[in-house]
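Student: Quick one, query.txt (compact mmCIF, C-alpha atoms):
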```
# COMPACT_ATOMS: atom_id res chain seq x y z
CA MET Q 1 -9.14 10.64 -21.66
CA THR Q 2 -9.43 12.03 -18.15
CA THR Q 3 -10.18 8.56 -16.80
CA LEU Q 4 -7.29 7.01 -18.71
CA LEU Q 5 -4.92 9.71 -17.44
CA GLY Q 6 -6.14 9.00 -13.91
CA LEU Q 7 -5.41 5.30 -14.40
CA LEU Q 8 -1.94 6.13 -15.72
CA LEU Q 9 -1.15 8.25 -12.68
CA ILE Q 10 -2.36 5.52 -10.35
CA PHE Q 11 -0.22 3.02 -12.25
CA ILE Q 12 2.87 5.20 -11.71
CA GLY Q 13 2.02 5.29 -8.02
CA ALA Q 14 1.59 1.52 -8.02
CA PHE Q 15 4.99 1.06 -9.68
CA SER Q 16 6.54 3.09 -6.89
CA SER Q 17 4.63 1.18 -4.22
CA GLY Q 18 5.40 -2.22 -5.72
CA SER Q 19 9.10 -1.32 -5.80
CA PHE Q 20 9.48 0.14 -2.32
CA ALA Q 21 10.67 -3.11 -0.68
CA VAL Q 22 13.46 -3.67 -3.20
CA PRO Q 23 15.99 -1.43 -1.33
CA PHE Q 24 15.57 -3.64 1.74
CA GLY Q 25 17.82 -6.13 -0.02
CA GLY Q 26 20.70 -3.69 0.46
CA ILE Q 27 20.29 -3.43 4.23
CA LYS Q 28 22.93 -5.21 6.29
CA GLY Q 29 23.16 -5.75 10.04
CA TRP Q 30 19.75 -4.36 11.01
CA LYS Q 31 16.84 -6.43 12.24
CA TRP Q 32 13.32 -6.01 10.86
CA GLU Q 33 12.22 -3.62 13.61
CA ASN Q 34 15.20 -1.33 12.95
CA TYR Q 35 14.71 -0.87 9.23
CA TRP Q 36 10.90 -0.80 9.46
CA LEU Q 37 11.00 2.07 11.97
CA SER Q 38 13.60 3.95 9.94
CA THR Q 39 11.51 3.54 6.79
CA GLY Q 40 8.43 4.67 8.69
CA LEU Q 41 10.14 7.86 9.81
CA PHE Q 42 10.79 8.80 6.19
CA SER Q 43 7.51 7.59 4.67
CA PHE Q 44 5.05 8.47 7.48
CA VAL Q 45 6.46 11.76 8.78
CA LEU Q 46 9.26 13.54 6.92
CA LEU Q 47 8.18 13.11 3.29
CA PRO Q 48 4.44 13.79 3.84
CA LEU Q 49 5.31 16.93 5.80
CA ILE Q 50 7.73 18.18 3.12
CA VAL Q 51 5.16 17.57 0.38
CA CYS Q 52 2.45 19.44 2.29
CA LEU Q 53 4.72 22.39 2.93
CA LEU Q 54 5.68 22.57 -0.76
CA LEU Q 55 2.40 21.77 -2.51
CA VAL Q 56 -0.44 22.73 -0.16
CA ASN Q 57 -1.36 26.41 -0.07
CA ASP Q 58 -1.49 27.90 3.47
CA PHE Q 59 -1.04 24.45 4.98
CA GLY Q 60 -0.84 25.72 8.55
CA LYS Q 61 -4.02 27.75 8.15
CA LEU Q 62 -5.78 24.78 6.57
CA LEU Q 63 -5.25 22.65 9.66
CA THR Q 64 -6.93 25.31 11.82
CA VAL Q 65 -10.17 25.25 9.80
CA VAL Q 66 -10.53 21.46 9.53
CA PRO Q 67 -13.04 20.20 12.15
CA THR Q 68 -11.30 18.58 15.11
CA SER Q 69 -13.57 15.57 14.84
CA ASP Q 70 -12.38 14.96 11.27
CA LEU Q 71 -8.74 15.30 12.28
CA ALA Q 72 -9.24 12.83 15.13
CA ALA Q 73 -11.09 10.30 12.96
CA ILE Q 74 -8.44 10.41 10.21
CA PHE Q 75 -5.63 10.11 12.79
CA ILE Q 76 -7.27 7.11 14.48
CA LEU Q 77 -7.86 5.38 11.15
CA GLY Q 78 -4.20 5.99 10.39
CA ALA Q 79 -3.22 4.37 13.68
CA VAL Q 80 -5.33 1.33 12.81
CA TYR Q 81 -3.71 1.23 9.39
CA GLY Q 82 -0.38 1.34 11.21
CA ILE Q 83 -1.14 -2.04 12.76
CA GLY Q 84 -1.96 -3.32 9.28
CA SER Q 85 1.30 -1.95 7.91
CA LEU Q 86 3.19 -3.84 10.60
CA THR Q 87 1.49 -7.10 9.70
CA PHE Q 88 2.16 -6.31 6.03
CA GLY Q 89 5.84 -6.06 6.86
CA LEU Q 90 5.59 -9.41 8.62
CA SER Q 91 3.84 -10.98 5.63
CA MET Q 92 6.77 -10.04 3.38
CA ARG Q 93 9.19 -11.18 6.09
CA TYR Q 94 7.61 -14.64 6.27
CA LEU Q 95 6.43 -15.12 2.67
CA GLY Q 96 8.76 -13.10 0.47
CA LEU Q 97 8.04 -10.16 -1.83
CA SER Q 98 5.69 -11.61 -4.45
CA LEU Q 99 3.49 -13.87 -2.34
CA GLY Q 100 3.36 -11.44 0.60
CA TYR Q 101 2.19 -8.64 -1.69
CA ALA Q 102 -0.36 -10.81 -3.50
CA LEU Q 103 -2.15 -12.08 -0.42
CA SER Q 104 -1.99 -8.90 1.65
CA LEU Q 105 -2.88 -6.39 -1.05
CA GLY Q 106 -5.45 -8.68 -2.59
CA LEU Q 107 -7.45 -8.61 0.63
CA MET Q 108 -6.83 -4.89 1.03
CA ALA Q 109 -8.19 -4.31 -2.48
CA ALA Q 110 -11.42 -6.20 -1.82
CA ILE Q 111 -12.13 -4.87 1.64
CA GLY Q 112 -10.82 -1.36 1.05
CA THR Q 113 -12.83 -0.88 -2.14
CA LEU Q 114 -16.18 -2.17 -0.90
CA VAL Q 115 -16.30 -1.02 2.73
CA PRO Q 116 -16.33 2.80 2.19
CA PRO Q 117 -19.40 2.83 -0.13
CA ALA Q 118 -21.11 0.31 2.14
CA LEU Q 119 -20.65 2.63 5.13
CA ASP Q 120 -21.56 5.94 3.49
CA GLY Q 121 -24.56 4.76 1.47
CA ARG Q 122 -23.03 4.75 -2.02
CA PHE Q 123 -23.08 0.97 -2.38
CA GLY Q 124 -26.56 1.22 -3.89
CA MET Q 125 -25.04 2.99 -6.89
CA LEU Q 126 -23.13 -0.18 -7.69
CA LEU Q 127 -26.34 -2.19 -7.79
CA ASP Q 128 -28.78 0.27 -9.34
CA THR Q 129 -26.89 1.61 -12.37
CA PHE Q 130 -25.21 0.06 -15.39
CA ASN Q 131 -21.92 1.83 -14.70
CA GLY Q 132 -22.10 0.75 -11.07
CA ASN Q 133 -22.68 -2.86 -12.12
CA MET Q 134 -19.67 -2.68 -14.40
CA VAL Q 135 -17.52 -1.31 -11.57
CA LEU Q 136 -18.66 -4.20 -9.40
CA LEU Q 137 -17.89 -6.62 -12.23
CA GLY Q 138 -14.42 -5.13 -12.55
CA ILE Q 139 -13.84 -5.61 -8.83
CA LEU Q 140 -14.95 -9.24 -9.04
CA ILE Q 141 -12.72 -9.89 -12.06
CA SER Q 142 -9.77 -8.36 -10.22
CA LEU Q 143 -10.45 -10.57 -7.22
CA VAL Q 144 -10.44 -13.65 -9.47
CA GLY Q 145 -7.02 -12.59 -10.74
CA ILE Q 146 -5.79 -11.97 -7.21
CA ALA Q 147 -7.01 -15.42 -6.14
CA GLY Q 148 -5.16 -16.93 -9.09
CA ILE Q 149 -1.94 -15.21 -8.06
CA ALA Q 150 -2.36 -16.49 -4.51
CA ILE Q 151 -2.82 -20.04 -5.85
CA ALA Q 152 0.26 -19.73 -8.05
CA GLY Q 153 2.24 -18.34 -5.15
CA TYR Q 154 1.17 -21.18 -2.90
CA GLN Q 155 2.08 -23.79 -5.51
CA LYS Q 156 5.43 -22.13 -6.03
CA ASP Q 157 6.26 -22.19 -2.35
CA GLN Q 158 5.08 -25.79 -2.00
CA PHE Q 159 7.23 -26.85 -4.95
CA ASN Q 160 10.30 -24.93 -3.93
CA SER Q 161 9.94 -24.41 -0.18
CA LYS Q 162 13.54 -25.36 0.50
CA LYS Q 163 14.83 -22.71 -1.87
CA ALA Q 164 12.46 -20.17 -0.36
CA LYS Q 165 13.80 -20.98 3.09
CA ASP Q 166 17.37 -20.71 1.84
CA GLU Q 167 16.62 -17.23 0.44
CA ASN Q 168 14.57 -16.18 3.45
CA ASN Q 169 15.54 -18.05 6.62
CA GLU Q 170 12.45 -16.69 8.34
CA PHE Q 171 10.10 -18.22 5.75
CA ASP Q 172 6.94 -19.46 7.47
CA PHE Q 173 3.84 -19.95 5.31
CA LYS Q 174 1.39 -20.27 8.20
CA LYS Q 175 2.60 -17.14 10.00
CA GLY Q 176 2.72 -15.28 6.69
CA VAL Q 177 -0.88 -16.11 5.81
CA ILE Q 178 -2.09 -15.01 9.26
CA ALA Q 179 -0.18 -11.73 8.84
CA ALA Q 180 -1.65 -11.24 5.35
CA VAL Q 181 -5.22 -11.76 6.58
CA LEU Q 182 -4.70 -9.27 9.41
CA THR Q 183 -3.22 -6.84 6.88
CA GLY Q 184 -6.24 -7.11 4.62
CA VAL Q 185 -8.63 -6.33 7.46
CA LEU Q 186 -6.67 -3.64 9.31
CA ALA Q 187 -4.85 -1.88 6.49
CA SER Q 188 -8.11 -1.22 4.66
CA ALA Q 189 -8.59 1.49 7.30
CA MET Q 190 -6.45 3.64 5.01
CA SER Q 191 -9.15 3.47 2.35
CA LEU Q 192 -11.69 4.65 4.93
CA GLY Q 193 -9.35 7.42 6.03
CA ILE Q 194 -8.86 8.61 2.45
CA GLU Q 195 -12.62 8.79 1.93
CA LYS Q 196 -13.05 10.51 5.31
CA GLY Q 197 -10.55 13.10 4.14
CA ASN Q 198 -12.61 14.19 1.12
CA GLY Q 199 -13.81 17.19 3.14
CA VAL Q 200 -10.23 18.13 3.97
CA SER Q 201 -9.31 17.90 0.29
CA GLN Q 202 -12.20 20.21 -0.60
CA LEU Q 203 -11.05 22.76 1.98
CA ALA Q 204 -7.53 22.57 0.54
CA ILE Q 205 -8.89 23.34 -2.93
CA GLU Q 206 -10.91 26.25 -1.57
CA THR Q 207 -7.76 27.72 -0.02
CA GLY Q 208 -5.92 27.64 -3.35
CA THR Q 209 -4.31 24.18 -3.53
CA ASN Q 210 -4.15 22.46 -6.89
CA PRO Q 211 -6.81 19.70 -6.88
CA LEU Q 212 -4.14 17.19 -7.94
CA PHE Q 213 -2.40 17.66 -4.59
CA SER Q 214 -5.41 18.26 -2.38
CA GLY Q 215 -5.24 14.78 -0.83
CA ASN Q 216 -1.81 15.27 0.75
CA PRO Q 217 -3.03 16.95 3.98
CA THR Q 218 -5.23 13.92 4.67
CA MET Q 219 -2.29 11.60 4.08
CA LEU Q 220 -0.09 13.52 6.53
CA ILE Q 221 -2.72 13.46 9.28
CA MET Q 222 -3.40 9.78 8.77
CA LEU Q 223 0.24 8.74 8.49
CA LEU Q 224 1.13 10.53 11.72
CA GLY Q 225 -1.24 8.09 13.39
CA THR Q 226 0.43 5.27 11.48
CA PHE Q 227 3.85 6.36 12.71
CA VAL Q 228 2.72 6.42 16.35
CA THR Q 229 1.65 2.77 16.07
CA THR Q 230 4.86 1.86 14.28
CA LEU Q 231 7.03 3.68 16.82
CA ILE Q 232 5.40 1.94 19.79
CA TRP Q 233 5.69 -1.56 18.35
CA CYS Q 234 9.19 -1.26 16.88
CA THR Q 235 10.52 0.32 20.07
CA TYR Q 236 9.04 -2.55 22.05
CA LEU Q 237 10.75 -5.07 19.77
CA MET Q 238 14.08 -3.24 19.92
CA ILE Q 239 13.98 -3.27 23.73
CA LYS Q 240 12.86 -6.90 23.84
CA ASN Q 241 15.40 -8.10 21.26
CA LYS Q 242 18.15 -5.67 22.36
CA THR Q 243 18.52 -4.40 18.82
CA LEU Q 244 18.52 -0.65 19.51
CA ILE Q 245 22.31 -0.85 19.41
CA GLU Q 246 22.11 -1.70 15.70
CA PHE Q 247 21.56 1.99 14.92
CA LYS Q 248 25.08 2.75 16.18
CA LYS Q 249 27.03 0.72 13.64
CA TYR Q 250 28.82 3.69 12.10
CA SER Q 251 32.33 2.19 12.22
CA LYS Q 252 31.94 0.42 8.88
CA GLY Q 253 29.43 2.80 7.42
CA ILE Q 254 26.67 0.23 7.87
CA SER Q 255 24.13 2.56 9.46
CA LEU Q 256 24.66 5.33 6.88
CA LYS Q 257 24.09 2.89 4.03
CA ASN Q 258 21.08 1.40 5.78
CA LEU Q 259 19.61 4.86 6.35
CA ALA Q 260 20.04 5.59 2.65
CA MET Q 261 18.27 2.34 1.75
CA THR Q 262 15.38 2.95 4.14
CA GLY Q 263 15.16 6.56 2.96
CA LEU Q 264 14.84 5.34 -0.63
CA ALA Q 265 12.24 2.78 0.42
CA GLY Q 266 10.30 5.47 2.26
CA LEU Q 267 10.44 7.76 -0.76
CA LEU Q 268 9.18 5.04 -3.11
CA TRP Q 269 6.39 4.14 -0.71
CA TYR Q 270 5.13 7.70 -0.22
CA VAL Q 271 5.42 8.79 -3.83
CA GLN Q 272 2.62 6.34 -4.61
CA PHE Q 273 0.16 8.58 -2.76
CA ILE Q 274 1.13 11.72 -4.64
CA PHE Q 275 0.25 9.99 -7.91
CA PHE Q 276 -2.65 8.11 -6.35
CA GLY Q 277 -4.22 11.33 -5.10
CA ALA Q 278 -3.81 12.97 -8.50
CA GLY Q 279 -5.26 9.97 -10.30
CA LYS Q 280 -8.11 9.54 -7.82
CA SER Q 281 -9.24 13.11 -8.46
CA MET Q 282 -9.90 12.15 -12.10
CA LEU Q 283 -12.06 9.09 -11.50
CA GLY Q 284 -15.49 10.66 -11.10
CA GLU Q 285 -18.03 9.80 -8.41
CA TYR Q 286 -16.72 6.27 -7.89
CA THR Q 287 -13.53 7.52 -6.23
CA PHE Q 288 -13.55 4.55 -3.85
CA ALA Q 289 -12.65 2.33 -6.84
CA ALA Q 290 -9.23 4.03 -7.00
CA TRP Q 291 -8.06 2.08 -3.96
CA GLY Q 292 -8.73 -1.27 -5.60
CA ILE Q 293 -7.00 -0.13 -8.78
CA LEU Q 294 -3.91 0.92 -6.83
CA MET Q 295 -3.77 -2.40 -4.96
CA ALA Q 296 -4.23 -4.47 -8.14
CA PHE Q 297 -1.55 -2.60 -10.10
CA THR Q 298 0.81 -2.80 -7.11
CA ILE Q 299 0.41 -6.58 -6.98
CA VAL Q 300 1.31 -6.78 -10.66
CA ILE Q 301 4.47 -4.70 -10.15
CA ALA Q 302 5.51 -6.69 -7.08
CA MET Q 303 5.03 -9.95 -8.96
CA LEU Q 304 7.19 -8.67 -11.82
CA TRP Q 305 9.89 -7.72 -9.33
CA GLY Q 306 9.64 -11.23 -7.94
CA LEU Q 307 10.28 -12.56 -11.45
CA PHE Q 308 13.23 -10.21 -11.92
CA LYS Q 309 14.77 -11.34 -8.64
CA GLY Q 310 14.44 -14.99 -9.62
CA GLU Q 311 11.76 -15.94 -7.11
CA TRP Q 312 9.98 -18.00 -9.80
CA LYS Q 313 13.07 -19.54 -11.42
CA GLY Q 314 12.69 -23.26 -11.94
CA ILE Q 315 8.99 -23.26 -11.07
CA PRO Q 316 6.81 -25.59 -13.24
CA PHE Q 317 5.37 -24.10 -16.42
CA LYS Q 318 1.77 -24.68 -15.28
CA THR Q 319 2.27 -22.63 -12.12
CA ARG Q 320 3.93 -19.80 -14.02
CA MET Q 321 1.09 -19.77 -16.55
CA ILE Q 322 -1.43 -19.44 -13.72
CA MET Q 323 0.52 -16.41 -12.53
CA PHE Q 324 0.74 -14.76 -15.96
CA VAL Q 325 -2.95 -15.34 -16.73
CA SER Q 326 -3.88 -13.98 -13.31
CA LEU Q 327 -1.86 -10.83 -13.94
CA ALA Q 328 -3.73 -10.31 -17.21
CA VAL Q 329 -7.07 -10.83 -15.46
CA ILE Q 330 -6.19 -8.18 -12.85
CA ILE Q 331 -5.29 -5.67 -15.55
CA VAL Q 332 -8.59 -6.30 -17.38
CA GLY Q 333 -10.57 -5.91 -14.16
CA THR Q 334 -8.91 -2.65 -13.18
CA PHE Q 335 -9.47 -1.11 -16.61
CA ILE Q 336 -13.17 -2.03 -16.45
CA ILE Q 337 -13.36 -0.26 -13.10
CA GLY Q 338 -11.65 2.81 -14.52
CA LEU Q 339 -13.65 3.02 -17.73
CA TYR Q 340 -17.07 2.74 -16.10
CA ASN Q 341 -16.63 4.78 -12.93
CA ASN Q 342 -17.98 8.07 -14.30
```
Transcribe the structure of this file into structure tokens.
Tutor:
Amino acid sequence: MTTLLGLLLIFIGAFSSGSFAVPFGGIKGWKWENYWLSTGLFSFVLLPLIVCLLLVNDFGKLLTVVPTSDLAAIFILGAVYGIGSLTFGLSMRYLGLSLGYALSLGLMAAIGTLVPPALDGRFGMLLDTFNGNMVLLGILISLVGIAGIAIAGYQKDQFNSKKAKDENNEFDFKKGVIAAVLTGVLASAMSLGIEKGNGVSQLAIETGTNPLFSGNPTMLIMLLGTFVTTLIWCTYLMIKNKTLIEFKKYSKGISLKNLAMTGLAGLLWYVQFIFFGAGKSMLGEYTFAAWGILMAFTIVIAMLWGLFKGEWKGIPFKTRMIMFVSLAVIIVGTFIIGLYNN
């Protein structure tokens, strides 16, 4: 029951994560760099700080007892993840919601789940025990489902590329795939940062923080690094493209509405980690599997949003069946991971 509750909490986080880009559809008059920076301010700085101040006991004191080397490592990994988050934004920009999520998060799930145990010596547990073998099987099954979604997405965009370009005038499959690959490699640094922050979480528990919220200090430290990367790149683009002026469009209420939309997007994006941290704490010694579960569930939610928005309308039945079967395969794989990771 503890494992199933952990999976439920991670699913809630995934629903939030898979929905975070939906408010972008309500943004008018801002370029990508404007709304991505505004969203980053909410999701990488303001919301993580507020959560830590509300839910982490003696947060200021906690930061003073965490080893400087750990703080630096988590911050740097967050900065690397920041590059991955930028390419993730580009993948959605060039591919659309469903396909951009599937390719980017699919790679993040594979790399982010397997790299941490490979680096800290726990990978042997996957090979030497029955439960570990089942976790590995669940990961492989999930990857098969993710590959199926990518195939369906590719077929969809090949069949209906003109419509995709009409809906997204920046549609570019080649650029989108490159961005997705970079996302999978770079954004998996967040998984490493989360694992690196296990010591910080333990200190938070020792100072009186509820274990369900003990991962939030790590997220704040890491996301501050992410925001630095985001700030540098988006500022560069705004200077290059002369789009800084877009923030001043108050005459028609455009900027206020856009701020509300990016604030909502930032809230949806960060809420995933509150539930993810709570769910991860219930998954036993194979905590690294939580990252893959979050990515897989998020892909499912994003694909369902793509259906709701009509991204798959008119697509051949065979392609849609590949997508539905692949979604089912991902769900089966993630539940195998959850049920055997204790």
Student: Closest to Arg93 in chain Q among Q:Gly279, Q:Gly263, Q:Pro48, Q:Gly176, using all atoms listed in the file?
Tutor: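 Selected residue with least distance to Arg93 in chain Q: Q:Gly176.
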Student: When distances are computed from all atoms listed in the file, which of Q:Phe317, Q:Phe247, Q:Phe44, Q:Trp291 shows the smallest separation from Lys28 in chain Q?
Tutor: Q:Phe247
Student: Have a look at Q:Ala152, Q:Val332, Q:Ile245, Q:Leu8 and name the one nearest to Lys318 in chain Q; count all atoms listed in the file.
Tutor: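 The closest residue to Lys318 in chain Q is Q:Ala152.
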Student: Of the candidates Q:Ile141, Q:Leu182, Q:Ile74, Q:Leu99, which shows the shortest atom-to-atom distance to Ala302 in chain Q, using all atoms listed in the file?
Tutor: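 Smallest distance to Ala302 in chain Q is found for Q:Leu99.
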Student: Measuring between only C-alpha atoms, which one of Q:Leu9, Q:Leu224, Q:Ala102, Q:Cys234 shows the shortest distance to Gly153 in chain Q?
Tutor: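 Between Q:Leu9, Q:Leu224, Q:Ala102, Q:Cys234, the residue approaching Gly153 in chain Q most closely is Q:Ala102.
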Student: For range 214-219 of chain Q, work out the shell of residues within 9 Å, counting only C-alpha atoms and skipping chain neighbours fewer than 3 positions away, then give it as a PyMOL selection string.
Tutor: chain Q and resi 44+48-49+51-52+55-56+59+62-63+71+74-75+78+193-194+196-198+200-205+209-211+222-224+273-274+277-278+281
Student: Could you work out how far CA of Gly333 in chain Q lies from CA of Leu114 in chain Q, giving the answer in Å with one decimal?
Tutor: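 CA of Gly333 in chain Q lies 14.9 Å from CA of Leu114 in chain Q.
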Student: Dig up all the protein and nucleic acid residues within 12 Å of (2.3, 9.0, 11.0) in the file frame, using all atoms listed in the file, and format them as a PDB file with C-alpha atoms, keeping the file's coordinate frame.
Tutor:
```
ATOM      1  CA  LEU Q  37      11.000   2.070  11.970  1.00  0.00           C
ATOM      2  CA  THR Q  39      11.510   3.540   6.790  1.00  0.00           C
ATOM      3  CA  GLY Q  40       8.430   4.670   8.690  1.00  0.00           C
ATOM      4  CA  LEU Q  41      10.140   7.860   9.810  1.00  0.00           C
ATOM      5  CA  PHE Q  42      10.790   8.800   6.190  1.00  0.00           C
ATOM      6  CA  SER Q  43       7.510   7.590   4.670  1.00  0.00           C
ATOM      7  CA  PHE Q  44       5.050   8.470   7.480  1.00  0.00           C
ATOM      8  CA  VAL Q  45       6.460  11.760   8.780  1.00  0.00           C
ATOM      9  CA  LEU Q  46       9.260  13.540   6.920  1.00  0.00           C
ATOM     10  CA  LEU Q  47       8.180  13.110   3.290  1.00  0.00           C
ATOM     11  CA  PRO Q  48       4.440  13.790   3.840  1.00  0.00           C
ATOM     12  CA  LEU Q  49       5.310  16.930   5.800  1.00  0.00           C
ATOM     13  CA  ILE Q  74      -8.440  10.410  10.210  1.00  0.00           C
ATOM     14  CA  PHE Q  75      -5.630  10.110  12.790  1.00  0.00           C
ATOM     15  CA  ILE Q  76      -7.270   7.110  14.480  1.00  0.00           C
ATOM     16  CA  LEU Q  77      -7.860   5.380  11.150  1.00  0.00           C
ATOM     17  CA  GLY Q  78      -4.200   5.990  10.390  1.00  0.00           C
ATOM     18  CA  ALA Q  79      -3.220   4.370  13.680  1.00  0.00           C
ATOM     19  CA  VAL Q  80      -5.330   1.330  12.810  1.00  0.00           C
ATOM     20  CA  TYR Q  81      -3.710   1.230   9.390  1.00  0.00           C
ATOM     21  CA  GLY Q  82      -0.380   1.340  11.210  1.00  0.00           C
ATOM     22  CA  ILE Q  83      -1.140  -2.040  12.760  1.00  0.00           C
ATOM     23  CA  SER Q  85       1.300  -1.950   7.910  1.00  0.00           C
ATOM     24  CA  MET Q 190      -6.450   3.640   5.010  1.00  0.00           C
ATOM     25  CA  PRO Q 217      -3.030  16.950   3.980  1.00  0.00           C
ATOM     26  CA  THR Q 218      -5.230  13.920   4.670  1.00  0.00           C
ATOM     27  CA  MET Q 219      -2.290  11.600   4.080  1.00  0.00           C
ATOM     28  CA  LEU Q 220      -0.090  13.520   6.530  1.00  0.00           C
ATOM     29  CA  ILE Q 221      -2.720  13.460   9.280  1.00  0.00           C
ATOM     30  CA  MET Q 222      -3.400   9.780   8.770  1.00  0.00           C
ATOM     31  CA  LEU Q 223       0.240   8.740   8.490  1.00  0.00           C
ATOM     32  CA  LEU Q 224       1.130  10.530  11.720  1.00  0.00           C
ATOM     33  CA  GLY Q 225      -1.240   8.090  13.390  1.00  0.00           C
ATOM     34  CA  THR Q 226       0.430   5.270  11.480  1.00  0.00           C
ATOM     35  CA  PHE Q 227       3.850   6.360  12.710  1.00  0.00           C
ATOM     36  CA  VAL Q 228       2.720   6.420  16.350  1.00  0.00           C
ATOM     37  CA  THR Q 229       1.650   2.770  16.070  1.00  0.00           C
ATOM     38  CA  THR Q 230       4.860   1.860  14.280  1.00  0.00           C
ATOM     39  CA  LEU Q 231       7.030   3.680  16.820  1.00  0.00           C
ATOM     40  CA  ILE Q 232       5.400   1.940  19.790  1.00  0.00           C
ATOM     41  CA  TYR Q 270       5.130   7.700  -0.220  1.00  0.00           C
TER      42      TYR Q 270
END
```
Student: How far is it from CA of Leu304 in chain Q to CA of Val144 in chain Q, in Å with one decimal?
Tutor: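 CA of Leu304 in chain Q sits 18.5 Å away from CA of Val144 in chain Q.
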Student: Go ahead and compute the interatomic distance for CA of Phe297 in chain Q and CA of Glu195 in chain Q, in Å to one decimal.
Tutor: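 Result for CA of Phe297 in chain Q versus CA of Glu195 in chain Q: 19.9 Å, one decimal.
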Student: Starting from the point (15.6, 2.6, 17.1), work out which residues of protein, DNA or RNA have an atom no more than 10 Å away when counting all atoms listed in the file; state them as a PyMOL selection string.
Tutor: chain Q and resi 33-38+231+234-239+243-248
Student: Give me the residues near Leu103 in chain Q as a PyMOL selection string, where near means some atom within 12 Å (using only C-alpha atoms) and where sequence neighbours in that chain fewer than 5 positions away do not count.
Tutor: chain Q and resi 87-88+91-92+95-98+108-110+143+145-154+173+176-185+295-296+298-299+302-303
Student: Looking at Q:Ile322, Q:Leu4, Q:Leu268, Q:Val65, which one is nearest to Phe335 in chain Q, with distances taken over all atoms listed in the file?
Tutor: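 Closest to Phe335 in chain Q, using all atoms listed in the file: Q:Leu4.
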